[in-house]
Protein chains: 2
Amino acid sequence: MAEPKENVLMEKIVSLCKRRGFIFQSSEIYGGINGFWDYGPLGAELKRNVKELWWHTMTRQRDDVAGLEATIIMSPKIWEASGHVATFSDPMIDCKTCKGRFRADQIDEIACPQKPSKCVNECHGEKTEARPFNLMFQTYVGPTATAADIAYLRPETAQAIFAQFKNVLETSRQKVPFGIAQVGKAFRNEVTPRNFTFRSREFEQMELEFFIKPDEVIEAIHGTVAIPTPNSQLLSPEPNWGWQAWHQYWVEERVRFYEGIGLDRSTLGFHRQTPAELAHYARACTDILFKFPFSKKDADGNVTGDELEGIAARSDFDLSQHARFSGKPMGVFDDDLRAAWAKLPKEKQEELWKRYYENRKNYLLKSGVESEPAQKQATDDANGLAKGQYIPHVIEPSAGVDRLILALIANAYSEETKTDDKGKSETTVVMKFHPRVAPIKAGIMPLLKNKPELVKKAQEVRDLLRPWMNVFYDEAGSIGRRYARQDEAGTPFCLTIDFDTLGEKPELLDTVTLRYRDDGRQERLKISELLDFLLSKIR
Amino acid sequence: MAEPKENVLMEKIVSLCKRRGFIFQSSEIYGGINGFWDYGPLGAELKRNVKELWWHTMTRQRDDVAGLEATIIMSPKIWEASGHVATFSDPMIDCKTCKGRFRADQIDEIACPQKPSKCVNECHGEKTEARPFNLMFQTYVGPTATAADIAYLRPETAQAIFAQFKNVLETSRQKVPFGIAQVGKAFRNEVTPRNFTFRSREFEQMELEFFIKPDEVIEAIHGTVAIPTPNSQLLSPEPNWGWQAWHQYWVEERVRFYEGIGLDRSTLGFHRQTPAELAHYARACTDILFKFPFSKKDADGNVTGDELEGIAARSDFDLSQHARFSGKPMGVFDDDLRAAWAKLPKEKQEELWKRYYENRKNYLLKSGVESEPAQKQATDDANGLAKGQYIPHVIEPSAGVDRLILALIANAYSEETKTDDKGKSETTVVMKFHPRVAPIKAGIMPLLKNKPELVKKAQEVRDLLRPWMNVFYDEAGSIGRRYARQDEAGTPFCLTIDFDTLGEKPELLDTVTLRYRDDGRQERLKISELLDFLLSKIR
């Protein structure tokens, strides 16, 4: 771990993750491999829950999003179109003395491999100029490893969505506005992976590309474009939304998602990219941040946090690039637009035509197309409006699974110190996961393991709940020990089967002790009511 | 597609997969990339359902299996230990005339790239001897692409499980016998990907490594090892099971899984590997086959099928290899063994010691260890028994997700021809997926889309069911058309909201028409009973 020693909380989290099987170093028995992390039994469940909830929220719970699961290795032409081959790189400097290679912006911070005690600049080795180092992992597909066989591990899941846009549109019975969602691994050959799983070389993304009508099309059909204020409550999409409303809606939707899995708004931060930070084609990008233990303070002493997710308004850049590079049309046809256009006054047609033309021309010029063909292409594109044709714009909420898992773990981590009758105090860890994401939903425990009737009843409760949720049956050790183990695993509920369950107190027959993780509160609940109670908490 | 023209069914399946959004060629707009396939909206749901069911059945529904989610790129030393670096290769022949590279066993079948009409042997080019071509995709991790930075995309998910065996054992509160399950992508640079998604270069596996006590340990503790007959019904594990019973149990468990998602036993085949086929360390391997449309007939004219899953008894080979290559102990300690051993008669101790010693020595010798150190190491290992120490053996049920999806699609595919009153007949496709795996569980349809009260009621039904399952709301076109669309998607149930639902016939108020996909049967069901009815079918 490259954590500073003073970051005690981060050290505790890393230690808990290994001790309880949330996260292990990949290939640990072989000394590990820098920038790669495995999820153990609890971590794998936590991660599955988060991905499943995202998928459920983003696709199954909506009419307007379809799913996709594309390959990690795709045609290398995709990465030419996206710009990754040309520009997805860090500037690197080689030291001719120690033969090390360093990120130009970090060369003052990093130890020289030959003189670890000294920073590189102190070793006074002769250095090269900074040169771009592409962050995509490269491999060869097929038996002959020639330049024509080069392929890349995708550095993001988004591009597959753009490349398959037409296939999905044609098979899913969707119409713009609609989205395509994907969850999957991506890879970046980061020069300096750091902050535990926050910046790793193999990671997972949850990305939605939500395709919308350009504002000119909205205006042609609806007369005006709805412009939200920063305080507008955008809960339910409206046909006259332009990119600003859709962007704001998705930022709010995503915050609601985080709130729904236990990340209160107070744990989050926001960064709206400045015009200087934005890519030339982007209209806006809002980053949702989480205040990690390693997050730095700003000039005012406030922690703003590090990025969990970016929600970008990317104009029609991506589809346009793939249309140009593949030669396949990426536009859509819209009957409403064609009908509305025919009814527009000529001046309005001209105004909208001009705006659309200018946007298209600017995109083409900035993408390196010469002036004359750019004007010709933009004219063709703008002429398409009258026929009901346009290239959709896109809003992209793009979240990192691993950093969200780390945020959930950091957010859940708490310690409790108890002092017993003899004055002996003990500090235990309680992982306060929201029940929706908790790896184990309920611990199920017979009071004593050597009483077959208690064991049998506890196993019946286990078998009742297990088809519906992940439960953990535990009969070993004192009940206090078993509760503490579940607290560390973040299990929100424990169910204890005791002699009252069997009817020792007749009025308590077929009830169990329900124990709450967060405050230790206990109450009796009927076995027949358990499933509904737990389902209401975990869904 | 490399399918022979006469395989009409395969062509129909490939066509349906693209037309309905089950499976697309990866990077199709760029001409595709050979051996890579994307899952569209319906395919992504189908695949998620299968993976989720496997995970649920193999981990959450059992006390004795823990989950893992490891990285695709791991330390290259893992692939030295597993043998993949040395031996995971196909023999290849280069043609010095046409510069093509061909699999030695296929050189007679494949067209010469320069003379496509002639097979390679006819082109009479000078050829090299066959040389091994490693099937692992290779890349470099870190900024300097030196030999020390070589890493591989995992060619199987299994090895991560072995490498993390100790971490999982120590954090999951499991004891042998127990298993570790993983679902994830794997990559093989196949020379000739073929049969649609059956043999692709990027694929997904669902693997369980189930660790068991060696037979000598079972015998020491229980006196004898339970040996099953081929007809033994092994439904519930017993403590005295040796590797044969566990192997047979897992074959049967896995067949029950396939039956549970609609693959009848009659669609499956079995192949028990012969001693000549088995790896030197393997005790047995049973392949579960599916009769694909492209599966070949054997000498007797019977279709045996192609592999869906292999269930291998791999002895203690894998853990032993990682122990040797990492220098980290992979043995476990078992108090029951130590206690039982102390009570064994001396002759029995000697007999078991000798058998364990011979097994260990044979493994070491076959793995290239010299005679003297092998004997010394085997002696140490056998001496461990008295202390309660041994290296677990493993049973490995290893399934391919993509070929299972293809099997489910092939199995579900059926055609129906209907002739209307005017004598006009139409053939439609009905995908008869088991409701558990069907991408969409219910189609929800207002009889007419221009009656707001029908639409509102239908959307209420949609909102009732959607939190629990994937449903599809459809209001466009005639009801017959909409049924046909859901038949093609494989949706087992359609729910139609009509005027009776609204109370036109008072006794039918708040009921819907439930239409069954497989026989077109229709019945009325109360809305209040819908959720329970559907849940009982899809779970």
# chains A, B, ... in the order shown; residues from 1 in each chain; ligands from 1
$ residues_around --residues "Ser315 in chain A" --least-positions-apart "6" --cutoff "7 Å" --atoms "only C-alpha atoms" --output "list in words"
Tyr281, Ala282, Arg283, His393 and Val394 of chain A
$ write_last_selection --atoms "N, CA, C and O atoms" --output "CSV table (one decimal), in the first residue's frame"
chain,number,residue,atom,x,y,z
A,281,TYR,N,-16.1,18.9,-27.5
A,281,TYR,CA,-17.4,18.5,-27.9
A,281,TYR,C,-18.4,18.5,-26.8
A,281,TYR,O,-19.6,18.4,-27.0
A,282,ALA,N,-17.9,18.6,-25.5
A,282,ALA,CA,-18.8,18.4,-24.4
A,282,ALA,C,-19.5,19.8,-24.0
A,282,ALA,O,-18.9,20.8,-24.1
A,283,ARG,N,-20.8,19.7,-23.7
A,283,ARG,CA,-21.5,20.8,-23.3
A,283,ARG,C,-21.4,21.1,-21.8
A,283,ARG,O,-21.5,22.2,-21.4
A,393,HIS,N,-28.0,13.4,-29.8
A,393,HIS,CA,-27.0,13.8,-28.8
A,393,HIS,C,-27.1,12.8,-27.6
A,393,HIS,O,-27.9,11.9,-27.6
A,394,VAL,N,-26.1,12.9,-26.7
A,394,VAL,CA,-26.1,11.9,-25.7
A,394,VAL,C,-25.7,12.5,-24.3
A,394,VAL,O,-24.9,13.4,-24.3
$ interface_residues --of "chain B" --to "chain A" --cutoff "7 Å" --atoms "only C-alpha atoms" --output "PyMOL selection string"
chain B and resi 19-21+26-27+29-30+32-33+36-41+44+60-61+66-71+74-75+77+101+137-144+163+168+171-172+189+191+326+328+466-467+470
$ atom_distance --atom1 "CA of Lys432 in chain A" --atom2 "CA of Glu415 in chain A"
10.1 Å
$ residues_around --residues "Phe270 in chain A" --least-positions-apart "3" --cutoff "9 Å" --atoms "only C-alpha atoms" --output "PyMOL selection string"
chain A and resi 286-290+304-305+307
$ write_last_selection --atoms "all heavy atoms" --output "mmCIF file, in the first residue's frame"
data_model
loop_
_atom_site.group_PDB
_atom_site.id
_atom_site.type_symbol
_atom_site.label_atom_id
_atom_site.label_comp_id
_atom_site.auth_asym_id
_atom_site.auth_seq_id
_atom_site.Cartn_x
_atom_site.Cartn_y
_atom_site.Cartn_z
ATOM 1 N N THR A 286 -20.764 17.046 -15.000
ATOM 2 C CA THR A 286 -20.840 17.169 -13.547
ATOM 3 C C THR A 286 -20.308 15.892 -12.921
ATOM 4 O O THR A 286 -20.785 14.799 -13.235
ATOM 5 C CB THR A 286 -22.299 17.403 -13.101
ATOM 6 O OG1 THR A 286 -22.779 18.597 -13.712
ATOM 7 C CG2 THR A 286 -22.394 17.513 -11.584
ATOM 8 N N ASP A 287 -19.290 16.037 -12.077
ATOM 9 C CA ASP A 287 -18.766 14.869 -11.369
ATOM 10 C C ASP A 287 -19.441 14.761 -10.015
ATOM 11 O O ASP A 287 -19.555 15.755 -9.285
ATOM 12 C CB ASP A 287 -17.255 15.001 -11.157
ATOM 13 C CG ASP A 287 -16.487 14.984 -12.480
ATOM 14 O OD1 ASP A 287 -17.023 14.421 -13.456
ATOM 15 O OD2 ASP A 287 -15.367 15.528 -12.521
ATOM 16 N N ILE A 288 -19.892 13.546 -9.689
ATOM 17 C CA ILE A 288 -20.375 13.275 -8.333
ATOM 18 C C ILE A 288 -19.193 12.705 -7.557
ATOM 19 O O ILE A 288 -18.580 11.719 -7.983
ATOM 20 C CB ILE A 288 -21.549 12.289 -8.340
ATOM 21 C CG1 ILE A 288 -22.706 12.858 -9.172
ATOM 22 C CG2 ILE A 288 -22.002 11.979 -6.917
ATOM 23 C CD1 ILE A 288 -23.894 11.905 -9.287
ATOM 24 N N LEU A 289 -18.845 13.343 -6.464
ATOM 25 C CA LEU A 289 -17.661 12.968 -5.686
ATOM 26 C C LEU A 289 -18.077 12.307 -4.379
ATOM 27 O O LEU A 289 -19.177 12.542 -3.874
ATOM 28 C CB LEU A 289 -16.836 14.219 -5.353
ATOM 29 C CG LEU A 289 -16.666 15.259 -6.478
ATOM 30 C CD1 LEU A 289 -15.972 16.507 -5.915
ATOM 31 C CD2 LEU A 289 -15.865 14.668 -7.637
ATOM 32 N N PHE A 290 -17.192 11.506 -3.836
ATOM 33 C CA PHE A 290 -17.385 10.973 -2.489
ATOM 34 C C PHE A 290 -16.187 11.386 -1.651
ATOM 35 O O PHE A 290 -15.051 11.376 -2.138
ATOM 36 C CB PHE A 290 -17.516 9.449 -2.517
ATOM 37 C CG PHE A 290 -17.634 8.850 -1.138
ATOM 38 C CD1 PHE A 290 -18.839 8.873 -0.461
ATOM 39 C CD2 PHE A 290 -16.523 8.293 -0.510
ATOM 40 C CE1 PHE A 290 -18.958 8.339 0.819
ATOM 41 C CE2 PHE A 290 -16.628 7.749 0.779
ATOM 42 C CZ PHE A 290 -17.848 7.776 1.435
ATOM 43 N N THR A 304 -13.591 18.194 -0.795
ATOM 44 C CA THR A 304 -14.629 18.127 -1.821
ATOM 45 C C THR A 304 -14.862 16.695 -2.275
ATOM 46 O O THR A 304 -15.955 16.354 -2.689
ATOM 47 C CB THR A 304 -14.255 18.989 -3.044
ATOM 48 O OG1 THR A 304 -12.918 18.658 -3.429
ATOM 49 C CG2 THR A 304 -14.342 20.454 -2.728
ATOM 50 N N GLY A 305 -13.833 15.865 -2.181
ATOM 51 C CA GLY A 305 -14.014 14.452 -2.507
ATOM 52 C C GLY A 305 -13.373 14.062 -3.825
ATOM 53 O O GLY A 305 -12.809 14.898 -4.544
ATOM 54 N N GLU A 307 -13.817 11.483 -7.465
ATOM 55 C CA GLU A 307 -14.903 11.161 -8.384
ATOM 56 C C GLU A 307 -15.425 9.731 -8.259
ATOM 57 O O GLU A 307 -14.689 8.767 -8.330
ATOM 58 C CB GLU A 307 -14.411 11.382 -9.829
ATOM 59 C CG GLU A 307 -15.497 11.170 -10.858
ATOM 60 C CD GLU A 307 -14.957 11.242 -12.281
ATOM 61 O OE1 GLU A 307 -13.857 11.765 -12.473
ATOM 62 O OE2 GLU A 307 -15.642 10.742 -13.186
#
$ atom_distance --atom1 "CA of His222 in chain B" --atom2 "CA of Leu337 in chain B"
9.5 Å
$ residues_around --residues "range 447-459 of chain B" --least-positions-apart "3" --cutoff "12 Å" --atoms "only C-alpha atoms" --output "VMD selection string"
(chain A and resid 62 to 63) or (chain B and resid 443 to 444 462 to 466 471 to 483 494 to 504 509 to 513 527)
$ write_last_selection --atoms "N, CA and C atoms" --output "mmCIF file, in the first residue's frame"
data_model
loop_
_atom_site.group_PDB
_atom_site.id
_atom_site.type_symbol
_atom_site.label_atom_id
_atom_site.label_comp_id
_atom_site.auth_asym_id
_atom_site.auth_seq_id
_atom_site.Cartn_x
_atom_site.Cartn_y
_atom_site.Cartn_z
ATOM 1 N N ARG A 62 -37.211 0.819 -15.917
ATOM 2 C CA ARG A 62 -37.541 1.898 -16.850
ATOM 3 C C ARG A 62 -38.005 1.300 -18.165
ATOM 4 N N ASP A 63 -38.868 2.043 -18.869
ATOM 5 C CA ASP A 63 -39.244 1.619 -20.217
ATOM 6 C C ASP A 63 -38.235 2.086 -21.258
ATOM 7 N N GLY B 443 -45.194 -9.845 -21.020
ATOM 8 C CA GLY B 443 -45.547 -8.705 -21.856
ATOM 9 C C GLY B 443 -46.841 -8.122 -21.322
ATOM 10 N N ILE B 444 -46.905 -6.809 -21.189
ATOM 11 C CA ILE B 444 -48.083 -6.163 -20.599
ATOM 12 C C ILE B 444 -48.679 -5.215 -21.630
ATOM 13 N N ARG B 462 -47.950 -2.967 -14.932
ATOM 14 C CA ARG B 462 -46.504 -2.921 -15.175
ATOM 15 C C ARG B 462 -45.755 -2.498 -13.898
ATOM 16 N N ASP B 463 -46.248 -1.443 -13.246
ATOM 17 C CA ASP B 463 -45.553 -0.937 -12.069
ATOM 18 C C ASP B 463 -45.657 -1.880 -10.869
ATOM 19 N N LEU B 464 -46.705 -2.701 -10.873
ATOM 20 C CA LEU B 464 -46.857 -3.705 -9.819
ATOM 21 C C LEU B 464 -45.800 -4.802 -9.959
ATOM 22 N N LEU B 465 -45.556 -5.208 -11.208
ATOM 23 C CA LEU B 465 -44.685 -6.368 -11.440
ATOM 24 C C LEU B 465 -43.212 -5.986 -11.570
ATOM 25 N N ARG B 466 -42.949 -4.787 -12.065
ATOM 26 C CA ARG B 466 -41.596 -4.416 -12.454
ATOM 27 C C ARG B 466 -40.554 -4.478 -11.332
ATOM 28 N N VAL B 471 -40.243 -6.912 -17.224
ATOM 29 C CA VAL B 471 -41.469 -6.976 -18.021
ATOM 30 C C VAL B 471 -41.331 -6.031 -19.200
ATOM 31 N N PHE B 472 -42.195 -6.199 -20.188
ATOM 32 C CA PHE B 472 -42.147 -5.333 -21.367
ATOM 33 C C PHE B 472 -43.534 -4.793 -21.629
ATOM 34 N N TYR B 473 -43.623 -3.472 -21.596
ATOM 35 C CA TYR B 473 -44.899 -2.815 -21.847
ATOM 36 C C TYR B 473 -45.004 -2.506 -23.334
ATOM 37 N N ASP B 474 -46.112 -2.914 -23.964
ATOM 38 C CA ASP B 474 -46.235 -2.734 -25.415
ATOM 39 C C ASP B 474 -47.670 -2.355 -25.757
ATOM 40 N N GLU B 475 -47.816 -1.206 -26.412
ATOM 41 C CA GLU B 475 -49.177 -0.778 -26.769
ATOM 42 C C GLU B 475 -49.345 -0.610 -28.270
ATOM 43 N N ALA B 476 -48.290 -0.945 -29.059
ATOM 44 C CA ALA B 476 -48.315 -0.625 -30.486
ATOM 45 C C ALA B 476 -48.677 -1.828 -31.348
ATOM 46 N N GLY B 477 -49.695 -1.648 -32.198
ATOM 47 C CA GLY B 477 -50.059 -2.686 -33.152
ATOM 48 C C GLY B 477 -51.188 -3.562 -32.642
ATOM 49 N N SER B 478 -51.655 -4.484 -33.512
ATOM 50 C CA SER B 478 -52.741 -5.372 -33.112
ATOM 51 C C SER B 478 -52.254 -6.292 -32.004
ATOM 52 N N ILE B 479 -53.194 -6.812 -31.233
ATOM 53 C CA ILE B 479 -52.807 -7.653 -30.100
ATOM 54 C C ILE B 479 -52.119 -8.929 -30.599
ATOM 55 N N GLY B 480 -52.566 -9.426 -31.762
ATOM 56 C CA GLY B 480 -51.933 -10.624 -32.335
ATOM 57 C C GLY B 480 -50.473 -10.373 -32.691
ATOM 58 N N ARG B 481 -50.209 -9.212 -33.294
ATOM 59 C CA ARG B 481 -48.848 -8.779 -33.633
ATOM 60 C C ARG B 481 -47.983 -8.696 -32.374
ATOM 61 N N ARG B 482 -48.592 -8.117 -31.331
ATOM 62 C CA ARG B 482 -47.824 -7.955 -30.090
ATOM 63 C C ARG B 482 -47.517 -9.310 -29.455
ATOM 64 N N TYR B 483 -48.492 -10.229 -29.489
ATOM 65 C CA TYR B 483 -48.212 -11.587 -28.990
ATOM 66 C C TYR B 483 -47.066 -12.212 -29.785
ATOM 67 N N CYS B 494 -48.174 -13.335 -21.513
ATOM 68 C CA CYS B 494 -48.630 -11.997 -21.877
ATOM 69 C C CYS B 494 -49.885 -11.680 -21.089
ATOM 70 N N LEU B 495 -49.985 -10.435 -20.666
ATOM 71 C CA LEU B 495 -51.129 -9.978 -19.873
ATOM 72 C C LEU B 495 -51.816 -8.867 -20.642
ATOM 73 N N THR B 496 -53.086 -9.076 -20.959
ATOM 74 C CA THR B 496 -53.816 -8.055 -21.716
ATOM 75 C C THR B 496 -54.875 -7.408 -20.825
ATOM 76 N N ILE B 497 -54.842 -6.096 -20.868
ATOM 77 C CA ILE B 497 -55.783 -5.304 -20.081
ATOM 78 C C ILE B 497 -56.874 -4.812 -21.046
ATOM 79 N N ASP B 498 -58.114 -5.261 -20.816
ATOM 80 C CA ASP B 498 -59.193 -4.921 -21.742
ATOM 81 C C ASP B 498 -60.363 -4.276 -20.982
ATOM 82 N N PHE B 499 -61.480 -4.137 -21.664
ATOM 83 C CA PHE B 499 -62.591 -3.436 -21.019
ATOM 84 C C PHE B 499 -63.199 -4.234 -19.868
ATOM 85 N N ASP B 500 -63.056 -5.570 -19.922
ATOM 86 C CA ASP B 500 -63.518 -6.367 -18.783
ATOM 87 C C ASP B 500 -62.692 -6.062 -17.541
ATOM 88 N N THR B 501 -61.381 -5.784 -17.746
ATOM 89 C CA THR B 501 -60.529 -5.408 -16.609
ATOM 90 C C THR B 501 -61.110 -4.194 -15.893
ATOM 91 N N LEU B 502 -61.688 -3.282 -16.699
ATOM 92 C CA LEU B 502 -62.238 -2.057 -16.129
ATOM 93 C C LEU B 502 -63.650 -2.263 -15.582
ATOM 94 N N GLY B 503 -64.213 -3.487 -15.782
ATOM 95 C CA GLY B 503 -65.508 -3.780 -15.180
ATOM 96 C C GLY B 503 -66.664 -3.796 -16.161
ATOM 97 N N GLU B 504 -66.367 -3.879 -17.465
ATOM 98 C CA GLU B 504 -67.478 -3.934 -18.427
ATOM 99 C C GLU B 504 -68.345 -5.147 -18.123
ATOM 100 N N LEU B 509 -64.087 -7.571 -13.254
ATOM 101 C CA LEU B 509 -63.375 -6.364 -12.813
ATOM 102 C C LEU B 509 -62.029 -6.743 -12.199
ATOM 103 N N ASP B 510 -60.990 -5.997 -12.603
ATOM 104 C CA ASP B 510 -59.638 -6.214 -12.078
ATOM 105 C C ASP B 510 -59.091 -7.611 -12.340
ATOM 106 N N THR B 511 -59.480 -8.164 -13.472
ATOM 107 C CA THR B 511 -58.814 -9.378 -13.962
ATOM 108 C C THR B 511 -58.158 -9.028 -15.295
ATOM 109 N N VAL B 512 -57.177 -9.818 -15.686
ATOM 110 C CA VAL B 512 -56.534 -9.619 -16.995
ATOM 111 C C VAL B 512 -56.566 -10.935 -17.751
ATOM 112 N N THR B 513 -56.357 -10.849 -19.069
ATOM 113 C CA THR B 513 -56.191 -12.063 -19.854
ATOM 114 C C THR B 513 -54.740 -12.498 -19.756
ATOM 115 N N ILE B 527 -55.772 -9.430 -10.926
ATOM 116 C CA ILE B 527 -54.536 -8.640 -10.808
ATOM 117 C C ILE B 527 -53.875 -8.902 -9.458
#
$ select_by_dssp --residues "range 192-421 of chain B" --states "strand (DSSP E or B)" --output "number ranges by chain"
B: 194, 199, 202-212, 226, 241, 268-272, 284-290, 297, 303, 306-313, 332-333, 389-390, 393-400, 413-419
$ residues_around --residues "Ile391 in chain A" --least-positions-apart "4" --cutoff "7 Å" --atoms "only C-alpha atoms" --output "list of chain:residue names"
A:Asp316, A:Met330, A:Gly331, A:Val332
$ write_last_selection --atoms "C-alpha atoms" --output "short mmCIF file (atom, residue, chain, number, x, y, z; two decimals), in the first residue's frame"
data_model
loop_
_atom_site.label_atom_id
_atom_site.label_comp_id
_atom_site.auth_asym_id
_atom_site.auth_seq_id
_atom_site.Cartn_x
_atom_site.Cartn_y
_atom_site.Cartn_z
CA ASP A 316 -23.44 14.20 -30.97
CA MET A 330 -25.76 6.87 -37.35
CA GLY A 331 -28.68 9.22 -37.78
CA VAL A 332 -32.26 8.42 -36.89
#
$ select_by_dssp --residues "range 76-187 of chain A" --states "helix (DSSP H, G or I)" --output "PyMOL selection string"
chain A and resi 77-81+84-87+104-106+120-123+147-149+158-163+165-172
$ write_last_selection --atoms "C-alpha atoms" --output "mmCIF file, in the first residue's frame"
data_model
loop_
_atom_site.group_PDB
_atom_site.id
_atom_site.type_symbol
_atom_site.label_atom_id
_atom_site.label_comp_id
_atom_site.auth_asym_id
_atom_site.auth_seq_id
_atom_site.Cartn_x
_atom_site.Cartn_y
_atom_site.Cartn_z
ATOM 1 C CA LYS A 77 -10.879 0.940 -35.361
ATOM 2 C CA ILE A 78 -13.297 1.753 -32.536
ATOM 3 C CA TRP A 79 -10.420 3.295 -30.586
ATOM 4 C CA GLU A 80 -9.289 5.270 -33.610
ATOM 5 C CA ALA A 81 -12.785 6.722 -33.944
ATOM 6 C CA HIS A 84 -8.110 6.840 -27.695
ATOM 7 C CA VAL A 85 -5.371 5.619 -30.045
ATOM 8 C CA ALA A 86 -4.233 9.171 -30.720
ATOM 9 C CA THR A 87 -4.687 10.890 -27.391
ATOM 10 C CA ALA A 104 6.035 13.837 -16.181
ATOM 11 C CA ASP A 105 3.649 15.341 -13.636
ATOM 12 C CA GLN A 106 4.825 13.006 -10.861
ATOM 13 C CA VAL A 120 14.184 11.149 -9.138
ATOM 14 C CA ASN A 121 15.151 14.749 -9.510
ATOM 15 C CA GLU A 122 17.760 14.303 -6.834
ATOM 16 C CA CYS A 123 19.392 11.392 -8.641
ATOM 17 C CA ALA A 147 0.693 -4.733 -36.793
ATOM 18 C CA ALA A 148 -2.600 -5.635 -38.474
ATOM 19 C CA ASP A 149 -3.451 -7.903 -35.519
ATOM 20 C CA ALA A 158 -19.011 3.377 -23.514
ATOM 21 C CA GLN A 159 -17.684 2.948 -27.047
ATOM 22 C CA ALA A 160 -19.318 -0.452 -27.568
ATOM 23 C CA ILE A 161 -22.649 1.235 -26.916
ATOM 24 C CA PHE A 162 -22.033 3.782 -29.673
ATOM 25 C CA ALA A 163 -20.764 1.128 -32.079
ATOM 26 C CA PHE A 165 -26.303 1.979 -31.381
ATOM 27 C CA LYS A 166 -28.049 1.102 -34.630
ATOM 28 C CA ASN A 167 -28.351 -2.614 -33.845
ATOM 29 C CA VAL A 168 -29.920 -1.853 -30.468
ATOM 30 C CA LEU A 169 -32.207 0.819 -31.894
ATOM 31 C CA GLU A 170 -33.463 -1.559 -34.572
ATOM 32 C CA THR A 171 -34.056 -4.531 -32.274
ATOM 33 C CA SER A 172 -35.289 -2.972 -29.033
#
$ residues_around --residues "Trp341 in chain A" --least-positions-apart "2" --cutoff "9 Å" --atoms "only C-alpha atoms" --output "list of chain:residue names"
A:Val217, A:Ala220, A:Ile221, A:Asp336, A:Leu337, A:Arg338, A:Ala339, A:Lys343, A:Leu344, A:Pro345, A:Gln349, A:Leu385, A:Ala386, A:Lys387, A:Gly388
$ write_last_selection --atoms "C-alpha atoms" --output "PDB file, in the first residue's frame"
ATOM      1  CA  VAL A 217     -35.236  19.204 -33.101  1.00  0.00           C
ATOM      2  CA  ALA A 220     -38.938  22.335 -34.216  1.00  0.00           C
ATOM      3  CA  ILE A 221     -41.399  19.882 -32.679  1.00  0.00           C
ATOM      4  CA  ASP A 336     -42.777  13.915 -35.655  1.00  0.00           C
ATOM      5  CA  LEU A 337     -39.858  16.076 -36.735  1.00  0.00           C
ATOM      6  CA  ARG A 338     -40.698  15.745 -40.415  1.00  0.00           C
ATOM      7  CA  ALA A 339     -44.352  16.617 -39.825  1.00  0.00           C
ATOM      8  CA  LYS A 343     -45.514  23.335 -40.638  1.00  0.00           C
ATOM      9  CA  LEU A 344     -42.791  25.710 -39.401  1.00  0.00           C
ATOM     10  CA  PRO A 345     -42.630  29.276 -40.750  1.00  0.00           C
ATOM     11  CA  GLN A 349     -36.831  26.699 -40.462  1.00  0.00           C
ATOM     12  CA  LEU A 385     -33.989  18.009 -40.673  1.00  0.00           C
ATOM     13  CA  ALA A 386     -36.721  18.581 -43.230  1.00  0.00           C
ATOM     14  CA  LYS A 387     -36.745  14.835 -43.916  1.00  0.00           C
ATOM     15  CA  GLY A 388     -36.964  14.081 -40.173  1.00  0.00           C
TER      16      GLY A 388
END
$ residues_around --residues "Trp241 in chain A" --least-positions-apart "3" --cutoff "7 Å" --atoms "only C-alpha atoms" --output "VMD selection string"
chain A and resid 225 to 226 238 245 to 246
$ write_last_selection --atoms "N, CA, C and O atoms" --output "tab-separated table (two decimals), in the first residue's frame"
chain	number	residue	atom	x	y	z
A	225	VAL	N	-37.68	24.92	-26.04
A	225	VAL	CA	-36.95	23.92	-25.27
A	225	VAL	C	-37.08	24.27	-23.80
A	225	VAL	O	-36.82	25.42	-23.42
A	226	ALA	N	-37.48	23.30	-22.99
A	226	ALA	CA	-37.60	23.55	-21.55
A	226	ALA	C	-36.21	23.73	-20.96
A	226	ALA	O	-35.35	22.87	-21.12
A	238	GLU	N	-40.00	14.98	-19.64
A	238	GLU	CA	-41.00	15.62	-20.47
A	238	GLU	C	-40.50	15.68	-21.92
A	238	GLU	O	-39.30	15.79	-22.15
A	245	ALA	N	-31.93	20.01	-19.49
A	245	ALA	CA	-32.86	19.35	-18.56
A	245	ALA	C	-32.47	17.89	-18.39
A	245	ALA	O	-32.45	17.37	-17.27
A	246	TRP	N	-32.14	17.22	-19.49
A	246	TRP	CA	-31.76	15.81	-19.39
A	246	TRP	C	-30.47	15.64	-18.57
A	246	TRP	O	-30.36	14.70	-17.77
$ atom_distance --atom1 "CA of Trp54 in chain A" --atom2 "CA of Leu208 in chain A"
10.2 Å
